[in-house]
$ cat protein04.txt   # compact mmCIF, C-alpha atoms
# COMPACT_ATOMS: atom_id res chain seq x y z
CA MET E 1 25.93 191.45 220.80
CA ALA E 2 23.60 190.76 217.88
CA GLU E 3 20.70 188.33 218.03
CA PRO E 4 21.71 184.64 217.92
CA LEU E 5 21.51 182.92 214.57
CA ARG E 6 19.60 179.63 214.54
CA VAL E 7 20.67 176.94 212.05
CA ALA E 8 18.42 173.89 211.80
CA THR E 9 17.93 170.77 209.75
CA TRP E 10 14.86 168.59 209.37
CA HIS E 11 14.19 165.38 207.49
CA GLY E 12 10.51 166.22 207.23
CA ASP E 13 8.33 164.06 205.00
CA PHE E 14 7.88 166.21 201.89
CA SER E 15 8.40 163.51 199.28
CA ARG E 16 5.37 162.43 197.27
CA LYS E 17 4.67 159.71 194.69
CA GLY E 18 4.71 161.99 191.65
CA PRO E 19 5.84 165.43 190.48
CA GLY E 20 3.51 168.24 191.45
CA LEU E 21 1.75 166.33 194.22
CA LEU E 22 3.62 168.12 196.99
CA LEU E 23 2.51 171.53 195.72
CA LYS E 24 -1.06 170.32 195.34
CA GLU E 25 -1.07 169.14 198.95
CA LEU E 26 0.54 172.31 200.31
CA LEU E 27 -2.18 174.39 198.66
CA SER E 28 -4.97 172.18 200.01
CA ASP E 29 -6.59 171.72 203.39
CA LYS E 30 -4.71 168.41 203.71
CA SER E 31 -1.38 170.12 204.30
CA PRO E 32 0.32 169.04 207.56
CA ASP E 33 0.48 171.35 210.55
CA LEU E 34 3.92 172.97 210.42
CA GLY E 35 3.29 175.34 213.31
CA PRO E 36 5.82 173.66 215.65
CA VAL E 37 8.60 174.17 213.09
CA ALA E 38 7.55 177.73 212.29
CA ALA E 39 7.57 178.46 216.03
CA LEU E 40 11.25 177.45 216.19
CA SER E 41 11.88 180.18 213.59
CA PRO E 42 15.27 179.00 212.32
CA ASP E 43 17.20 181.62 210.37
CA VAL E 44 18.61 178.88 208.13
CA LEU E 45 16.79 175.60 207.62
CA VAL E 46 18.15 172.63 205.67
CA LEU E 47 15.39 170.29 204.47
CA THR E 48 16.57 166.82 203.46
CA ASP E 49 13.43 165.12 202.13
CA VAL E 50 11.63 167.54 199.84
CA ASP E 51 10.63 167.09 196.19
CA TYR E 52 12.48 169.34 193.76
CA ASP E 53 10.81 171.50 191.15
CA ALA E 54 12.87 173.72 188.87
CA GLY E 55 10.75 176.82 189.50
CA HIS E 56 10.83 176.39 193.30
CA VAL E 57 7.05 176.78 193.34
CA ALA E 58 6.47 174.00 195.86
CA LEU E 59 9.48 175.12 197.89
CA ALA E 60 8.13 178.68 198.06
CA ALA E 61 4.74 177.36 199.22
CA LEU E 62 6.47 175.26 201.87
CA ALA E 63 8.58 178.24 202.96
CA ASP E 64 5.40 180.28 203.44
CA ARG E 65 3.95 177.54 205.64
CA LEU E 66 7.15 177.55 207.69
CA GLY E 67 7.00 181.26 208.46
CA GLY E 68 8.28 182.87 205.28
CA TYR E 69 11.84 182.95 203.93
CA PRO E 70 13.15 185.47 201.38
CA HIS E 71 16.01 183.27 200.19
CA LEU E 72 15.55 179.76 198.80
CA PHE E 73 18.18 177.41 197.41
CA ALA E 74 17.73 174.09 195.64
CA MET E 75 19.29 172.48 192.60
CA ARG E 76 18.38 169.28 190.82
CA PRO E 77 19.49 166.47 193.12
CA ASN E 78 20.68 163.01 192.13
CA THR E 79 17.48 161.43 193.45
CA GLY E 80 15.53 159.92 190.58
CA MET E 81 18.13 161.01 188.01
CA ALA E 82 18.04 158.30 185.34
CA THR E 83 21.26 156.47 184.47
CA GLY E 84 19.91 154.30 181.66
CA LEU E 85 21.49 151.28 183.37
CA ASP E 86 20.15 148.38 185.40
CA LEU E 87 22.07 149.32 188.53
CA ASP E 88 20.11 147.05 190.87
CA GLY E 89 20.40 144.01 188.59
CA ASP E 90 16.68 143.20 188.51
CA GLY E 91 16.59 142.91 184.72
CA ARG E 92 14.54 146.09 184.26
CA LEU E 93 15.45 149.70 183.51
CA GLY E 94 14.03 152.86 185.01
CA GLY E 95 13.36 151.67 188.56
CA PRO E 96 14.08 153.88 191.56
CA ARG E 97 17.29 151.99 192.34
CA ASP E 98 18.51 152.46 188.77
CA ALA E 99 18.76 156.21 189.34
CA GLN E 100 21.81 158.05 190.64
CA GLY E 101 19.94 158.34 193.93
CA TYR E 102 16.81 156.43 194.91
CA GLY E 103 13.72 157.99 193.40
CA TRP E 104 10.74 157.21 191.20
CA PHE E 105 11.04 160.53 189.40
CA SER E 106 13.74 163.16 188.98
CA GLY E 107 14.04 165.21 192.16
CA GLN E 108 11.89 163.05 194.42
CA GLY E 109 13.00 163.49 198.03
CA GLY E 110 15.73 166.01 197.30
CA MET E 111 17.26 168.73 199.43
CA ALA E 112 16.67 172.47 199.90
CA ILE E 113 17.77 175.44 202.03
CA LEU E 114 15.50 178.18 203.38
CA SER E 115 17.21 181.28 204.73
CA ARG E 116 16.63 184.79 206.06
CA TYR E 117 20.05 185.72 204.65
CA PRO E 118 21.31 185.68 201.04
CA LEU E 119 22.68 182.38 199.77
CA ALA E 120 25.30 181.67 197.13
CA LEU E 121 26.70 178.36 195.90
CA VAL E 122 30.39 177.90 196.71
CA ALA E 123 30.90 174.29 195.60
CA ASP E 124 28.77 171.41 194.34
CA HIS E 125 30.24 167.92 194.69
CA SER E 126 27.02 166.14 193.66
CA ALA E 127 28.42 164.91 190.33
CA LEU E 128 31.52 163.33 191.87
CA PRO E 129 31.79 159.69 190.73
CA TRP E 130 31.65 157.34 193.67
CA LYS E 131 34.85 155.65 192.50
CA ASP E 132 36.71 158.97 192.83
CA ALA E 133 35.67 159.74 196.41
CA PRO E 134 38.53 160.10 198.92
CA GLU E 135 39.33 156.81 200.69
CA THR E 136 36.43 155.29 198.77
CA LEU E 137 34.86 151.94 199.59
CA TRP E 138 33.64 151.70 195.98
CA THR E 139 34.35 148.34 194.37
CA PRO E 140 34.51 147.35 190.69
CA GLN E 141 31.17 145.57 191.04
CA GLU E 142 29.59 149.05 191.05
CA ALA E 143 29.02 150.94 187.80
CA GLU E 144 31.62 153.62 187.11
CA ILE E 145 28.79 156.00 186.22
CA GLN E 146 27.42 155.85 189.78
CA ARG E 147 27.72 159.16 191.60
CA LEU E 148 28.67 159.29 195.26
CA SER E 149 25.88 161.64 196.39
CA SER E 150 22.52 159.96 196.70
CA ALA E 151 20.98 163.46 196.90
CA ALA E 152 23.63 166.21 196.86
CA HIS E 153 26.69 167.68 198.57
CA TRP E 154 26.49 171.50 198.45
CA ALA E 155 28.68 174.14 200.07
CA VAL E 156 26.58 177.31 200.20
CA ARG E 157 27.70 180.70 201.48
CA VAL E 158 25.28 182.25 204.00
CA ASP E 159 25.70 186.04 204.17
CA ALA E 160 24.80 186.28 207.85
CA PRO E 161 26.34 188.93 210.17
CA VAL E 162 29.28 186.54 210.30
CA PRO E 163 29.25 184.85 206.86
CA PHE E 164 29.81 181.10 206.88
CA ALA E 165 29.79 178.14 204.52
CA LEU E 166 26.87 175.77 205.00
CA LEU E 167 27.89 172.19 204.14
CA THR E 168 24.90 169.99 203.33
CA LEU E 169 24.21 166.34 202.59
CA ALA E 170 21.45 163.75 202.72
CA ALA E 171 23.19 160.37 202.73
CA THR E 172 21.59 157.10 201.68
CA PRO E 173 20.38 154.74 204.44
CA PRO E 174 23.04 152.08 205.15
CA VAL E 175 20.40 149.32 204.87
CA PHE E 176 18.09 147.77 202.24
CA ASP E 177 20.90 145.83 200.56
CA GLY E 178 22.58 142.43 200.83
CA PRO E 179 25.88 141.00 202.04
CA GLU E 180 27.75 143.21 199.55
CA ASP E 181 26.78 146.14 201.84
CA ARG E 182 26.45 148.51 198.90
CA ASN E 183 24.36 151.07 200.76
CA GLY E 184 26.51 150.82 203.86
CA ARG E 185 29.67 151.51 201.87
CA ARG E 186 28.07 154.39 199.97
CA ASN E 187 26.69 155.92 203.16
CA HIS E 188 30.17 155.73 204.69
CA ASP E 189 31.74 157.57 201.77
CA GLU E 190 28.97 160.21 201.65
CA VAL E 191 29.42 160.98 205.35
CA MET E 192 33.20 161.14 205.03
CA LEU E 193 33.29 163.43 201.98
CA TRP E 194 33.02 166.68 203.95
CA ALA E 195 35.63 165.46 206.43
CA HIS E 196 38.11 165.39 203.56
CA HIS E 197 37.24 168.95 202.49
CA LEU E 198 37.04 170.69 205.86
CA ASP E 199 40.70 171.59 206.20
CA ALA E 200 40.65 173.36 202.82
CA MET E 201 37.62 175.51 203.70
CA ASP E 202 38.28 179.19 204.40
CA GLY E 203 36.28 180.91 207.13
CA PRO E 204 33.74 179.35 209.48
CA VAL E 205 31.60 176.41 208.38
CA VAL E 206 28.45 174.71 209.63
CA LEU E 207 27.66 171.16 208.54
CA ALA E 208 23.93 170.42 208.52
CA GLY E 209 21.86 167.59 207.12
CA LEU E 210 21.14 163.88 207.22
CA LEU E 211 24.02 161.50 207.83
CA ASN E 212 21.58 158.58 208.20
CA LEU E 213 24.15 157.14 210.56
CA ASP E 214 24.32 156.88 214.35
CA PRO E 215 27.84 156.58 215.80
CA ASP E 216 26.61 154.21 218.53
CA ARG E 217 23.46 152.42 217.38
CA GLY E 218 21.99 150.64 214.40
CA GLU E 219 23.45 149.36 211.16
CA GLY E 220 26.05 151.06 209.03
CA LEU E 221 29.78 151.63 209.10
CA ARG E 222 29.58 153.78 212.20
CA ASP E 223 33.24 154.78 212.22
CA ALA E 224 32.39 157.36 209.54
CA ALA E 225 30.12 159.24 211.96
CA THR E 226 32.67 158.85 214.77
CA ARG E 227 35.46 160.27 212.62
CA LEU E 228 33.38 163.20 211.40
CA LEU E 229 32.23 164.10 214.91
CA ALA E 230 35.85 163.99 216.11
CA HIS E 231 37.12 166.29 213.36
CA PRO E 232 39.00 169.18 215.05
CA ARG E 233 37.35 171.70 212.73
CA LEU E 234 33.86 170.89 214.11
CA GLN E 235 32.08 170.83 217.44
CA ASP E 236 29.16 168.65 218.49
CA PRO E 237 26.68 170.54 220.68
CA LEU E 238 24.21 167.64 220.99
CA PRO E 239 26.22 164.47 221.65
CA ALA E 240 24.22 161.22 221.64
CA LEU E 241 20.84 162.99 221.43
CA PRO E 242 18.42 161.00 219.19
CA THR E 243 16.81 162.80 216.26
CA VAL E 244 14.32 160.17 215.07
CA ASP E 245 12.07 157.55 216.65
CA TRP E 246 11.34 154.68 214.26
CA ASP E 247 8.66 152.12 215.04
CA SER E 248 10.98 149.27 214.06
CA VAL E 249 14.30 150.16 215.72
CA GLY E 250 13.47 152.95 218.16
CA GLU E 251 15.41 156.15 218.71
CA MET E 252 18.58 156.96 216.78
CA ARG E 253 20.70 159.95 215.89
CA VAL E 254 20.76 160.51 212.13
CA SER E 255 20.39 164.29 211.53
CA TYR E 256 23.10 166.73 212.63
CA VAL E 257 24.05 170.40 212.91
CA LEU E 258 27.80 170.62 213.54
CA PRO E 259 29.16 174.17 213.80
CA ASP E 260 32.74 175.27 213.29
CA ALA E 261 34.80 174.87 216.45
CA ALA E 262 35.60 178.58 216.22
CA LEU E 263 31.94 179.60 216.57
CA THR E 264 30.24 180.12 219.93
CA VAL E 265 27.20 177.91 220.54
CA LEU E 266 24.61 179.59 222.78
CA ASP E 267 21.99 176.84 222.78
CA ALA E 268 20.99 173.70 220.93
CA GLY E 269 18.16 171.20 220.88
CA VAL E 270 16.09 168.54 219.17
CA THR E 271 12.38 169.27 218.77
CA PRO E 272 9.72 166.66 217.89
CA VAL E 273 7.18 167.56 215.21
CA PRO E 274 3.89 165.65 215.48
CA GLY E 275 2.55 164.64 212.08
CA PRO E 276 4.90 164.76 209.09
CA GLY E 277 7.17 161.80 209.73
CA PRO E 278 9.19 160.48 212.70
CA HIS E 279 12.13 162.86 212.35
CA ARG E 280 12.77 165.76 214.73
CA VAL E 281 14.13 169.21 214.01
CA VAL E 282 17.76 169.65 215.05
CA TRP E 283 18.75 173.25 215.81
CA VAL E 284 21.74 175.18 217.08
CA ASP E 285 21.92 178.85 218.15
CA LEU E 286 25.18 180.58 217.27
CA ALA E 287 26.56 183.88 218.54
CA MET E 288 26.94 186.34 215.67
CA PRO E 289 28.85 189.35 217.09

$ encode --input "protein04.txt" --output "structure tokens"
Amino acid sequence: MAEPLRVATWHGDFSRKGPGLLLKELLSDKSPDLGPVAALSPDVLVLTDVDYDAGHVALAALADRLGGYPHLFAMRPNTGMATGLDLDGDGRLGGPRDAQGYGWFSGQGGMAILSRYPLALVADHSALPWKDAPETLWTPQEAEIQRLSSAAHWAVRVDAPVPFALLTLAATPPVFDGPEDRNGRRNHDEVMLWAHHLDAMDGPVVLAGLLNLDPDRGEGLRDAATRLLAHPRLQDPLPALPTVDWDSVGEMRVSYVLPDAALTVLDAGVTPVPGPGPHRVVWVDLAMP
């Protein structure tokens, strides 16, 4: 039996107020203590709140602080991607809510993968128009140009001892809107997107990332999380275990690692990280014969 393979996700706070500021901080003595995450030593780590830079310079610096990873993956996310439209109806252009995904600049608070094994993109659904999502809750009051993914939906092949497809997402919070429930509807459709693709996926899969949705607590259309967790292709090794502790609403489950039902789970857990944000690292150990 080979060593277990640890897949983790973390919504760590690596979003800053301008491009280049994350790298500047990581290279300074003000950088947060990432020792607790490095000690977990995940083989594959999905980060769901990290600023994007095309050269992966900041991501490489962050990977070094997390223990060193030879394989990095990130593409330009929808966060901060300008649409040229007044999507939030405030009479001004260029605001963070006028972008394809919330962001003050292109790539703010995007998504990335760090891995000890080679990575290769299998599919990218990030440009899918919201109106074209399966079973969409999009309504004509939304712009047709609006993409479904607030950050991205990537399927990435991980060439581990048993290769698998890593399915990632970082869904919008289902709050900060009005009675039209725009964010709630979009969150629902983002969470459900992979559920509609799972049956067509060949080989084992692992879904990892931020659903921003608890099946039992808080706001949002929680049936999306319930349906995804009940999908026969997936297993849930950490049922009902909270992954964040917010000052305002307390503990909730919003980040997930959901392995293929055909894979053997050896261990799983949720680990707090003092310092960079309220979110905990979610990890699962898989047998890789």

$ atom_distance --input "protein04.txt" --atom1 "CA of Ala112 (chain E)" --atom2 "CA of Ala171 (chain E)"
14.0 Å

$ residues_around --input "protein04.txt" --residues "Ser248 (chain E)" --least-positions-apart "3" --cutoff "12 Å" --atoms "all atoms listed in the file" --output "mmCIF file with C-alpha atoms, keeping the file's coordinate frame"
data_model
loop_
_atom_site.group_PDB
_atom_site.id
_atom_site.type_symbol
_atom_site.label_atom_id
_atom_site.label_comp_id
_atom_site.auth_asym_id
_atom_site.auth_seq_id
_atom_site.Cartn_x
_atom_site.Cartn_y
_atom_site.Cartn_z
ATOM 1 C CA GLY E 218 21.990 150.640 214.400
ATOM 2 C CA VAL E 244 14.320 160.170 215.070
ATOM 3 C CA ASP E 245 12.070 157.550 216.650
ATOM 4 C CA GLU E 251 15.410 156.150 218.710
ATOM 5 C CA MET E 252 18.580 156.960 216.780
ATOM 6 C CA PRO E 278 9.190 160.480 212.700
#

$ residues_near_point --input "protein04.txt" --point "(8.1, 162.3, 204.3)" --cutoff "7 Å" --atoms "only C-alpha atoms" --output "list in words"
Gly12, Asp13, Phe14, Ser15, Asp49, Pro276 and Gly277 of chain E

$ residues_around --input "protein04.txt" --residues "Pro173 (chain E)" --least-positions-apart "2" --cutoff "9 Å" --atoms "all atoms listed in the file" --output "compact mmCIF listing (two decimals) with C-alpha atoms, in the coordinates of the input"
# COMPACT_ATOMS: atom_id res chain seq x y z
CA ALA E 171 23.19 160.37 202.73
CA VAL E 175 20.40 149.32 204.87
CA PHE E 176 18.09 147.77 202.24
CA ASN E 183 24.36 151.07 200.76
CA GLY E 184 26.51 150.82 203.86
CA ARG E 186 28.07 154.39 199.97
CA ASN E 187 26.69 155.92 203.16
CA LEU E 211 24.02 161.50 207.83
CA ASN E 212 21.58 158.58 208.20
CA LEU E 213 24.15 157.14 210.56
CA GLY E 220 26.05 151.06 209.03

$ closest_residue --input "protein04.txt" --among "E:Ile113, E:Ala152, E:Leu137, E:Leu72" --to "His125 (chain E)" --atoms "only C-alpha atoms"
E:Ala152

$ atom_distance --input "protein04.txt" --atom1 "CA of Leu93 (chain E)" --atom2 "CA of Ala74 (chain E)"
27.3 Å

$ atom_distance --input "protein04.txt" --atom1 "CA of Arg6 (chain E)" --atom2 "CA of Asp43 (chain E)"
5.2 Å

$ residues_around --input "protein04.txt" --residues "region 77-80 of chain E" --least-positions-apart "2" --cutoff "10 Å" --atoms "all atoms listed in the file" --output "short mmCIF file (atom, residue, chain, number, x, y, z; two decimals) with C-alpha atoms, keeping the file's coordinate frame"
data_model
loop_
_atom_site.label_atom_id
_atom_site.label_comp_id
_atom_site.auth_asym_id
_atom_site.auth_seq_id
_atom_site.Cartn_x
_atom_site.Cartn_y
_atom_site.Cartn_z
CA ASP E 51 10.63 167.09 196.19
CA TYR E 52 12.48 169.34 193.76
CA ALA E 74 17.73 174.09 195.64
CA MET E 75 19.29 172.48 192.60
CA ALA E 82 18.04 158.30 185.34
CA THR E 83 21.26 156.47 184.47
CA GLY E 94 14.03 152.86 185.01
CA GLY E 95 13.36 151.67 188.56
CA PRO E 96 14.08 153.88 191.56
CA ARG E 97 17.29 151.99 192.34
CA ASP E 98 18.51 152.46 188.77
CA ALA E 99 18.76 156.21 189.34
CA GLN E 100 21.81 158.05 190.64
CA GLY E 101 19.94 158.34 193.93
CA TYR E 102 16.81 156.43 194.91
CA GLY E 103 13.72 157.99 193.40
CA TRP E 104 10.74 157.21 191.20
CA PHE E 105 11.04 160.53 189.40
CA SER E 106 13.74 163.16 188.98
CA GLY E 107 14.04 165.21 192.16
CA GLN E 108 11.89 163.05 194.42
CA GLY E 109 13.00 163.49 198.03
CA GLY E 110 15.73 166.01 197.30
CA MET E 111 17.26 168.73 199.43
CA ALA E 112 16.67 172.47 199.90
CA SER E 126 27.02 166.14 193.66
CA ALA E 127 28.42 164.91 190.33
CA ARG E 147 27.72 159.16 191.60
CA LEU E 148 28.67 159.29 195.26
CA SER E 149 25.88 161.64 196.39
CA SER E 150 22.52 159.96 196.70
CA ALA E 151 20.98 163.46 196.90
CA ALA E 152 23.63 166.21 196.86
CA HIS E 153 26.69 167.68 198.57
#

$ residues_around --input "protein04.txt" --residues "Gly269 (chain E)" --least-positions-apart "3" --cutoff "8 Å" --atoms "all atoms listed in the file" --output "ChimeraX atom specification"
/E:238,282-284

$ residues_around --input "protein04.txt" --residues "region 58-64 of chain E" --least-positions-apart "2" --cutoff "10 Å" --atoms "all atoms listed in the file" --output "PyMOL selection string"
chain E and resi 14+20-27+31+34+38+45+50-56+66-74+112-115

$ closest_residue --input "protein04.txt" --among "E:Glu190, E:Asp88, E:Glu219, E:Asp132" --to "Trp154 (chain E)" --atoms "only C-alpha atoms"
E:Glu190

$ closest_residue --input "protein04.txt" --among "E:Leu85, E:Ala208, E:Ala155, E:Leu121" --to "Pro259 (chain E)" --atoms "only C-alpha atoms"
E:Ala208

$ closest_residue --input "protein04.txt" --among "E:Met288, E:Arg65, E:Gly178, E:Ala165" --to "Ala39 (chain E)" --atoms "all atoms listed in the file"
E:Arg65
